[in-house]
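Structure data follow from data20.pdb (PDB, C-alpha atoms and all ligand atoms):
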MODEL        1
ATOM      1  CA  MET A1172     -13.650 -15.578  -9.228  1.00  0.00           C
ATOM      2  CA  ASP A1173     -10.628 -17.154 -10.860  1.00  0.00           C
ATOM      3  CA  TYR A1174      -7.465 -16.854  -8.730  1.00  0.00           C
ATOM      4  CA  PHE A1175      -5.453 -15.582 -11.690  1.00  0.00           C
ATOM      5  CA  LEU A1176      -7.894 -12.670 -12.162  1.00  0.00           C
ATOM      6  CA  LEU A1177      -7.591 -11.764  -8.470  1.00  0.00           C
ATOM      7  CA  LEU A1178      -3.805 -11.868  -8.774  1.00  0.00           C
ATOM      8  CA  LEU A1179      -3.938  -9.549 -11.805  1.00  0.00           C
ATOM      9  CA  PHE A1180      -6.199  -7.063  -9.984  1.00  0.00           C
ATOM     10  CA  HIS A1181      -3.916  -7.240  -6.942  1.00  0.00           C
ATOM     11  CA  ILE A1182      -0.668  -6.698  -8.815  1.00  0.00           C
ATOM     12  CA  PHE A1183      -1.976  -3.852 -11.028  1.00  0.00           C
ATOM     13  CA  ALA A1184      -3.547  -2.099  -8.039  1.00  0.00           C
ATOM     14  CA  ALA A1185      -0.293  -2.623  -6.085  1.00  0.00           C
ATOM     15  CA  ILE A1186       1.722  -1.094  -8.953  1.00  0.00           C
ATOM     16  CA  LEU A1187      -0.586   1.947  -8.983  1.00  0.00           C
ATOM     17  CA  PHE A1188      -0.567   2.365  -5.196  1.00  0.00           C
ATOM     18  CA  VAL A1189       3.110   1.612  -4.536  1.00  0.00           C
ATOM     19  CA  GLY A1190       4.138   3.594  -7.631  1.00  0.00           C
ATOM     20  CA  THR A1191       2.276   6.667  -6.376  1.00  0.00           C
ATOM     21  CA  VAL A1192       3.881   6.379  -2.930  1.00  0.00           C
ATOM     22  CA  PHE A1193       7.372   5.994  -4.494  1.00  0.00           C
ATOM     23  CA  PHE A1194       6.737   8.983  -6.768  1.00  0.00           C
ATOM     24  CA  GLU A1195       5.604  11.183  -3.890  1.00  0.00           C
ATOM     25  CA  VAL A1196       8.515  10.284  -1.613  1.00  0.00           C
ATOM     26  CA  LEU A1197      11.404   9.908  -4.079  1.00  0.00           C
ATOM     27  CA  MET A1198      10.460  12.451  -6.766  1.00  0.00           C
ATOM     28  CA  LEU A1199       8.308  15.128  -5.152  1.00  0.00           C
ATOM     29  CA  GLU A1200      10.368  15.384  -1.976  1.00  0.00           C
ATOM     30  CA  GLY A1201      13.508  15.560  -4.127  1.00  0.00           C
ATOM     31  CA  ILE A1202      12.343  18.628  -6.070  1.00  0.00           C
ATOM     32  CA  ARG A1203      11.011  20.527  -3.042  1.00  0.00           C
ATOM     33  CA  LYS A1204      14.273  22.480  -2.593  1.00  0.00           C
ATOM     34  CA  HIS A1205      14.343  23.585  -6.254  1.00  0.00           C
ATOM     35  CA  VAL A1206      10.734  24.768  -6.609  1.00  0.00           C
ATOM     36  CA  PRO A1207       9.250  27.964  -5.127  1.00  0.00           C
ATOM     37  CA  ARG A1208       7.055  27.266  -2.101  1.00  0.00           C
ATOM     38  CA  ASP A1209       3.826  28.519  -3.734  1.00  0.00           C
ATOM     39  CA  ALA A1210       4.396  26.477  -6.885  1.00  0.00           C
ATOM     40  CA  MET A1211       5.105  23.389  -4.759  1.00  0.00           C
ATOM     41  CA  ARG A1212       1.891  23.949  -2.828  1.00  0.00           C
ATOM     42  CA  THR A1213      -0.074  24.160  -6.097  1.00  0.00           C
ATOM     43  CA  ILE A1214       1.559  20.969  -7.424  1.00  0.00           C
ATOM     44  CA  GLU A1215       0.899  19.104  -4.161  1.00  0.00           C
ATOM     45  CA  ALA A1216      -2.721  20.264  -4.068  1.00  0.00           C
ATOM     46  CA  ALA A1217      -3.288  19.138  -7.681  1.00  0.00           C
ATOM     47  CA  ILE A1218      -1.627  15.746  -7.077  1.00  0.00           C
ATOM     48  CA  GLY A1219      -3.579  15.354  -3.843  1.00  0.00           C
ATOM     49  CA  GLN A1220      -6.850  16.058  -5.637  1.00  0.00           C
ATOM     50  CA  ARG A1221      -6.012  13.519  -8.368  1.00  0.00           C
ATOM     51  CA  ALA A1222      -4.927  10.924  -5.792  1.00  0.00           C
ATOM     52  CA  ARG A1223      -8.162  11.353  -3.838  1.00  0.00           C
ATOM     53  CA  ARG A1224     -10.111  10.486  -7.019  1.00  0.00           C
ATOM     54  CA  ILE A1225      -8.056   7.452  -8.056  1.00  0.00           C
ATOM     55  CA  MET A1226      -6.656   5.942  -4.854  1.00  0.00           C
ATOM     56  CA  PRO A1227      -9.921   4.776  -3.254  1.00  0.00           C
ATOM     57  CA  PHE A1228     -10.523   2.496  -6.294  1.00  0.00           C
ATOM     58  CA  ALA A1229      -6.917   1.242  -6.284  1.00  0.00           C
ATOM     59  CA  ILE A1230      -7.134   0.520  -2.557  1.00  0.00           C
ATOM     60  CA  LEU A1231     -10.507  -1.193  -2.900  1.00  0.00           C
ATOM     61  CA  ALA A1232      -9.173  -3.446  -5.706  1.00  0.00           C
ATOM     62  CA  LEU A1233      -5.897  -4.098  -3.817  1.00  0.00           C
ATOM     63  CA  TYR A1234      -7.516  -5.158  -0.544  1.00  0.00           C
ATOM     64  CA  ALA A1235     -10.553  -6.952  -2.024  1.00  0.00           C
ATOM     65  CA  ALA A1236      -8.325  -9.033  -4.330  1.00  0.00           C
ATOM     66  CA  GLY A1237      -5.863  -9.596  -1.448  1.00  0.00           C
ATOM     67  CA  ILE A1238      -8.635 -10.921   0.808  1.00  0.00           C
ATOM     68  CA  GLY A1239      -9.932 -13.092  -2.041  1.00  0.00           C
ATOM     69  CA  MET A1240      -6.478 -14.609  -2.551  1.00  0.00           C
ATOM     70  CA  ALA A1241      -5.790 -14.975   1.184  1.00  0.00           C
ATOM     71  CA  TRP A1242      -8.808 -17.330   1.354  1.00  0.00           C
ATOM     72  CA  ARG A1243      -6.697 -19.934  -0.481  1.00  0.00           C
ATOM     73  CA  TYR A1244      -4.100 -19.685   2.305  1.00  0.00           C
ATOM     74  CA  ARG A1245      -6.610 -19.791   5.174  1.00  0.00           C
ATOM     75  CA  THR A1246      -5.285 -23.056   6.651  1.00  0.00           C
ATOM     76  CA  VAL A1247      -1.692 -21.754   6.515  1.00  0.00           C
ATOM     77  CA  LEU A1248      -2.831 -18.456   8.082  1.00  0.00           C
ATOM     78  CA  ALA A1249      -4.737 -20.285  10.835  1.00  0.00           C
ATOM     79  CA  GLN A1250      -1.325 -21.538  12.158  1.00  0.00           C
ATOM     80  CA  PRO A1251       0.925 -18.620  11.126  1.00  0.00           C
ATOM     81  CA  PHE A1252       3.971 -19.781  13.116  1.00  0.00           C
ATOM     82  CA  ASP A1253       4.013 -23.309  11.693  1.00  0.00           C
ATOM     83  CA  SER A1254       5.482 -22.274   8.328  1.00  0.00           C
ATOM     84  CA  THR A1255       7.598 -19.487   6.850  1.00  0.00           C
ATOM     85  CA  LEU A1256       4.837 -18.816   4.302  1.00  0.00           C
ATOM     86  CA  GLY A1257       2.243 -18.382   7.072  1.00  0.00           C
ATOM     87  CA  THR A1258       4.492 -16.109   9.145  1.00  0.00           C
ATOM     88  CA  LEU A1259       5.537 -13.856   6.262  1.00  0.00           C
ATOM     89  CA  LEU A1260       2.041 -13.690   4.717  1.00  0.00           C
ATOM     90  CA  GLY A1261       0.542 -12.949   8.146  1.00  0.00           C
ATOM     91  CA  LEU A1262       3.094 -10.181   8.687  1.00  0.00           C
ATOM     92  CA  LYS A1263       2.386  -8.799   5.196  1.00  0.00           C
ATOM     93  CA  ILE A1264      -1.351  -8.660   5.959  1.00  0.00           C
ATOM     94  CA  LEU A1265      -0.723  -6.929   9.317  1.00  0.00           C
ATOM     95  CA  LEU A1266       1.444  -4.295   7.595  1.00  0.00           C
ATOM     96  CA  ALA A1267      -1.226  -3.853   4.892  1.00  0.00           C
ATOM     97  CA  LEU A1268      -3.791  -3.204   7.659  1.00  0.00           C
ATOM     98  CA  SER A1269      -1.441  -0.617   9.138  1.00  0.00           C
ATOM     99  CA  VAL A1270      -1.191   1.077   5.701  1.00  0.00           C
ATOM    100  CA  LEU A1271      -4.999   1.165   5.573  1.00  0.00           C
ATOM    101  CA  ALA A1272      -5.081   2.763   9.038  1.00  0.00           C
ATOM    102  CA  HIS A1273      -2.599   5.440   7.816  1.00  0.00           C
ATOM    103  CA  PHE A1274      -4.827   6.088   4.785  1.00  0.00           C
ATOM    104  CA  VAL A1275      -8.038   6.385   6.827  1.00  0.00           C
ATOM    105  CA  TYR A1276      -6.281   8.661   9.344  1.00  0.00           C
ATOM    106  CA  ALA A1277      -4.873  10.935   6.584  1.00  0.00           C
ATOM    107  CA  VAL A1278      -8.225  11.147   4.765  1.00  0.00           C
ATOM    108  CA  SER A1279     -10.141  11.953   7.963  1.00  0.00           C
ATOM    109  CA  MET A1280      -7.597  14.585   9.046  1.00  0.00           C
ATOM    110  CA  GLY A1281      -7.573  16.044   5.509  1.00  0.00           C
ATOM    111  CA  ALA A1282     -11.367  16.168   5.340  1.00  0.00           C
ATOM    112  CA  THR A1283     -11.493  18.257   8.514  1.00  0.00           C
ATOM    113  CA  GLY A1284      -8.592  20.475   7.394  1.00  0.00           C
ATOM    114  CA  ARG A1285      -6.348  19.317  10.265  1.00  0.00           C
ATOM    115  CA  LEU A1286      -3.614  17.623   8.216  1.00  0.00           C
ATOM    116  CA  ARG A1287      -0.424  19.697   8.530  1.00  0.00           C
ATOM    117  CA  SER A1288       2.218  19.437   5.830  1.00  0.00           C
ATOM    118  CA  ARG A1289       4.887  18.016   8.195  1.00  0.00           C
ATOM    119  CA  GLN A1290       2.430  15.386   9.420  1.00  0.00           C
ATOM    120  CA  SER A1291       1.500  14.527   5.829  1.00  0.00           C
ATOM    121  CA  ARG A1292       5.212  14.035   4.992  1.00  0.00           C
ATOM    122  CA  MET A1293       5.670  11.732   8.004  1.00  0.00           C
ATOM    123  CA  ILE A1294       2.668   9.664   6.895  1.00  0.00           C
ATOM    124  CA  HIS A1295       4.133   9.382   3.376  1.00  0.00           C
ATOM    125  CA  LEU A1296       7.488   8.235   4.770  1.00  0.00           C
ATOM    126  CA  SER A1297       5.864   5.707   7.064  1.00  0.00           C
ATOM    127  CA  VAL A1298       3.670   4.303   4.240  1.00  0.00           C
ATOM    128  CA  PHE A1299       6.769   4.192   2.004  1.00  0.00           C
ATOM    129  CA  ALA A1300       8.641   2.087   4.589  1.00  0.00           C
ATOM    130  CA  HIS A1301       5.581  -0.163   4.987  1.00  0.00           C
ATOM    131  CA  VAL A1302       5.162  -0.832   1.240  1.00  0.00           C
ATOM    132  CA  VAL A1303       8.888  -1.582   0.771  1.00  0.00           C
ATOM    133  CA  VAL A1304       8.617  -4.292   3.453  1.00  0.00           C
ATOM    134  CA  ILE A1305       5.230  -5.507   2.110  1.00  0.00           C
ATOM    135  CA  VAL A1306       6.618  -6.025  -1.412  1.00  0.00           C
ATOM    136  CA  PHE A1307       9.708  -7.752   0.033  1.00  0.00           C
ATOM    137  CA  LEU A1308       7.488 -10.089   2.091  1.00  0.00           C
ATOM    138  CA  ALA A1309       5.161 -10.714  -0.893  1.00  0.00           C
ATOM    139  CA  LYS A1310       8.081 -12.178  -2.818  1.00  0.00           C
ATOM    140  CA  ALA A1311      10.132 -13.615   0.093  1.00  0.00           C
ATOM    141  CA  MET A1312       7.201 -15.685   1.408  1.00  0.00           C
ATOM    142  CA  PHE A1313       7.504 -17.996  -1.613  1.00  0.00           C
ATOM    143  CA  TYR A1314      11.300 -18.061  -1.901  1.00  0.00           C
ATOM    144  CA  LEU A1315      12.323 -18.375   1.776  1.00  0.00           C
ATOM    145  CA  ASN A1316      10.124 -21.445   2.295  1.00  0.00           C
TER
HETATM  146  C1  LIG B1401      -0.630  -2.135   0.761  1.00  0.00           C
HETATM  147  C2  LIG B1401      -1.267  -3.270   0.514  1.00  0.00           C
HETATM  148  C3  LIG B1401      -0.689  -4.396  -0.316  1.00  0.00           C
HETATM  149  C4  LIG B1401       0.335  -4.410  -1.228  1.00  0.00           C
HETATM  150  C5  LIG B1401       1.214  -3.239  -1.682  1.00  0.00           C
HETATM  151  C6  LIG B1401       0.456  -5.769  -1.715  1.00  0.00           C
HETATM  152  C7  LIG B1401       1.392  -6.193  -2.654  1.00  0.00           C
HETATM  153  C8  LIG B1401       1.522  -7.486  -3.110  1.00  0.00           C
HETATM  154  C9  LIG B1401       2.461  -7.917  -4.110  1.00  0.00           C
HETATM  155  C10 LIG B1401       3.433  -6.997  -4.860  1.00  0.00           C
HETATM  156  C11 LIG B1401       2.295  -9.260  -4.270  1.00  0.00           C
HETATM  157  C12 LIG B1401       3.081 -10.159  -5.212  1.00  0.00           C
HETATM  158  C13 LIG B1401       2.221 -10.485  -6.420  1.00  0.00           C
HETATM  159  C14 LIG B1401       3.031 -11.261  -7.439  1.00  0.00           C
HETATM  160  O1  LIG B1401       4.152 -10.876  -7.748  1.00  0.00           O
HETATM  161  O2  LIG B1401       2.542 -12.262  -7.940  1.00  0.00           O
HETATM  162  C15 LIG B1401       1.270  -9.685  -3.347  1.00  0.00           C
HETATM  163  C16 LIG B1401       0.845 -10.982  -3.189  1.00  0.00           C
HETATM  164  C17 LIG B1401      -0.147 -11.385  -2.311  1.00  0.00           C
HETATM  165  N1  LIG B1401      -0.909 -10.566  -1.494  1.00  0.00           N
HETATM  166 FE1  LIG B1401      -0.723  -8.563  -1.318  1.00  0.00          FE
HETATM  167  N2  LIG B1401      -0.486  -6.555  -1.070  1.00  0.00           N
HETATM  168  C18 LIG B1401      -1.205  -5.752  -0.222  1.00  0.00           C
HETATM  169  C19 LIG B1401      -2.254  -6.126   0.595  1.00  0.00           C
HETATM  170  C20 LIG B1401      -2.717  -7.418   0.745  1.00  0.00           C
HETATM  171  C21 LIG B1401      -3.794  -7.825   1.615  1.00  0.00           C
HETATM  172  C22 LIG B1401      -4.629  -6.870   2.511  1.00  0.00           C
HETATM  173  C23 LIG B1401      -3.916  -9.183   1.488  1.00  0.00           C
HETATM  174  C24 LIG B1401      -4.862 -10.135   2.157  1.00  0.00           C
HETATM  175  C25 LIG B1401      -5.700  -9.866   3.140  1.00  0.00           C
HETATM  176  C26 LIG B1401      -2.929  -9.626   0.538  1.00  0.00           C
HETATM  177  C27 LIG B1401      -2.721 -10.934   0.143  1.00  0.00           C
HETATM  178  C28 LIG B1401      -1.801 -11.353  -0.785  1.00  0.00           C
HETATM  179  C29 LIG B1401      -1.598 -12.753  -1.158  1.00  0.00           C
HETATM  180  C30 LIG B1401      -2.373 -13.963  -0.618  1.00  0.00           C
HETATM  181  C31 LIG B1401      -0.564 -12.776  -2.118  1.00  0.00           C
HETATM  182  C32 LIG B1401       0.028 -14.020  -2.790  1.00  0.00           C
HETATM  183  C33 LIG B1401      -0.555 -14.183  -4.180  1.00  0.00           C
HETATM  184  C34 LIG B1401       0.013 -15.405  -4.859  1.00  0.00           C
HETATM  185  O3  LIG B1401      -0.578 -16.489  -4.699  1.00  0.00           O
HETATM  186  O4  LIG B1401       1.017 -15.290  -5.556  1.00  0.00           O
HETATM  187  N3  LIG B1401      -2.220  -8.524   0.107  1.00  0.00           N
HETATM  188  N4  LIG B1401       0.804  -8.582  -2.658  1.00  0.00           N
ENDMDL
END
Would you put the structure from the file into structure tokens?
Amino acid sequence: MDYFLLLLFHIFAAILFVGTVFFEVLMLEGIRKHVPRDAMRTIEAAIGQRARRIMPFAILALYAAGIGMAWRYRTVLAQPFDSTLGTLLGLKILLALSVLAHFVYAVSMGATGRLRSRQSRMIHLSVFAHVVVIVFLAKAMFYLN
């Protein structure tokens, strides 16, 4: 598939995924104090249900397009410490794998009803920190060369 198409899939999926994480951490957490607990629970359940329907497709597109694009950089990635691009792209991919591990963990805990709200908040914060660094690396890898 054309590299430009992969890049488009990747960037739109990244906007959807990163945007959702930003919304949950910066907006939802910010209104928690001003909304009654029951109402907040209902909102979170509805958003969670919506996210569970949309996110798997966003994640599939994000990672599949990412792997497709990374193929072009395979020689750089084979020697990640020989260039800034290789180091930063390698680090970005490692962080992306860690995000995937968070997602799989949260989904499996949620499916068995073992995901506590405090734990869910910690996962959101951790994924938030990951995606901030990932987006920084995605741009820095071309400019810090
Ligand atoms: C949480 C997961 C990920 C996020 C949020 C993310 C985000 C981004 C962003 C924002 C860009 C910059 C696109 C642009 O401005 O042109 C980018 C580029 C890139 N990403 Fe990802 N990415 C993720 C996962 C991955 C994975 C798993 C891979 C590969 C295995 C990957 C490989 C790449 C490559 C090769 C580029 C450079 C594209 C170019 O040639 O410009 N990404 N990513």
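A straight line drawn from atom CA of Val1303 of chain A to atom C26 of ligand LIG 1401 (chain B) is 14.3 Å long.
Nearest to Lys1310 of chain A of all the residues A:Arg1221, A:Lys1263, A:Arg1208, A:Arg1203 is A:Lys1263, based on all atoms listed in the file.
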**OP:** Could you please determine the separation between atom CA of Met1211 of chain A and atom CA of Ala1300 of chain A in Å, to one decimal place?
**Re:** 23.5 Å
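Comparing A:Arg1212, A:Lys1204, A:His1181, A:Arg1223 by their smallest distance to Gly1281 of chain A, the closest is A:Arg1223 (using all atoms listed in the file).
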**OP:** Please tell me which residues are no farther than 9 Å from (4.6, 19.8, -5.6) in the file, counting all atoms listed in the file, and write them as JSON, numbers by chain.
**Re:** {"A": [1195, 1199, 1200, 1202, 1203, 1206, 1208, 1209, 1210, 1211, 1212, 1213, 1214, 1215, 1216, 1217, 1218]}
Subject >> Target residues per the PyMOL selection byres (((chain A and resi 1230-1235) around 7) and not hetatm), formatted as a PyMOL selection string >> reply: chain A and resi 1180-1181+1184-1185+1226-1229+1236-1239
Take the residues from that selection and put them in a file with C-alpha atoms, as a CSV table (one decimal), keeping the file's coordinate frame.
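Listed below is the output, part-v3.csv:
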chain,number,residue,atom,x,y,z
A,1180,PHE,CA,-6.2,-7.1,-10.0
A,1181,HIS,CA,-3.9,-7.2,-6.9
A,1184,ALA,CA,-3.5,-2.1,-8.0
A,1185,ALA,CA,-0.3,-2.6,-6.1
A,1226,MET,CA,-6.7,5.9,-4.9
A,1227,PRO,CA,-9.9,4.8,-3.3
A,1228,PHE,CA,-10.5,2.5,-6.3
A,1229,ALA,CA,-6.9,1.2,-6.3
A,1236,ALA,CA,-8.3,-9.0,-4.3
A,1237,GLY,CA,-5.9,-9.6,-1.4
A,1238,ILE,CA,-8.6,-10.9,0.8
A,1239,GLY,CA,-9.9,-13.1,-2.0
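Distance annotation: of A:Met1280, A:Leu1178, A:Leu1271, A:Leu1262, the residue with the minimal separation from Ser1297 of chain A is A:Leu1271; atom set is all atoms listed in the file.
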